[in-house]
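Please read the structure below before turning to the comments.
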Amino acid sequence: MKDTTIKVPKEVRDRLAQLAAERDTSIGELISEFATTIATREELAARHEQALAVIRKYFVPDFNEEDMAKGEQMWRDLEAGRLTSLR
């Protein structure tokens with residue numbers, strides 16, 4: 001594969017160099033890993049739909065947007081320390 005150049009501010013280059021050094025790799029390999037492991041919006045949406053399909057197939061057949069909102073609120077409450085029981 002042919003290499004190319006990406007222009008970034010010096011501070012970004014320095015940060016990438018530090019991250020790469022800490023992982024005993026090169027900046028190019030670090031960016032390649034990032035590009036192949038970070039999901040795109042399209043990939044995230046597909047994963048979301050797949051997860052919903054599994055939930056509906058195996059756990060809650062009528063799982064809907066209201067259930068999703070309640071679950072998201074539960075996570076926010078857990079993170080904030082407001083949820084002490086799941087009753």
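Residues are named by chain letter and number: chains run A, B, ... in the order of the structure tokens, numbers start at 1 in each chain, and ligands are numbered from 1 in the order shown.
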
Nearby residues (only C-alpha atoms) at most 12 Å from Ile6 in chain A, same-chain spacing under 4 positions excluded, as a compact mmCIF listing (two decimals) with C-alpha atoms, in the first residue's frame:
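Ended up saving to around-v6.txt:
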```
# COMPACT_ATOMS: atom_id res chain seq x y z
CA LYS A 10 2.35 20.37 15.30
CA VAL A 12 -1.41 16.94 17.10
CA ARG A 13 1.69 15.42 15.50
CA ILE A 27 2.32 7.11 13.96
CA GLY A 28 1.26 5.51 10.68
CA ILE A 31 -3.57 5.92 12.64
```

Problem set entry | DSSP helix (DSSP H, G or I) residues within chain A, listed as a VMD selection string | chain A and resid 10 to 22 27 to 37 41 to 59 65 to 80
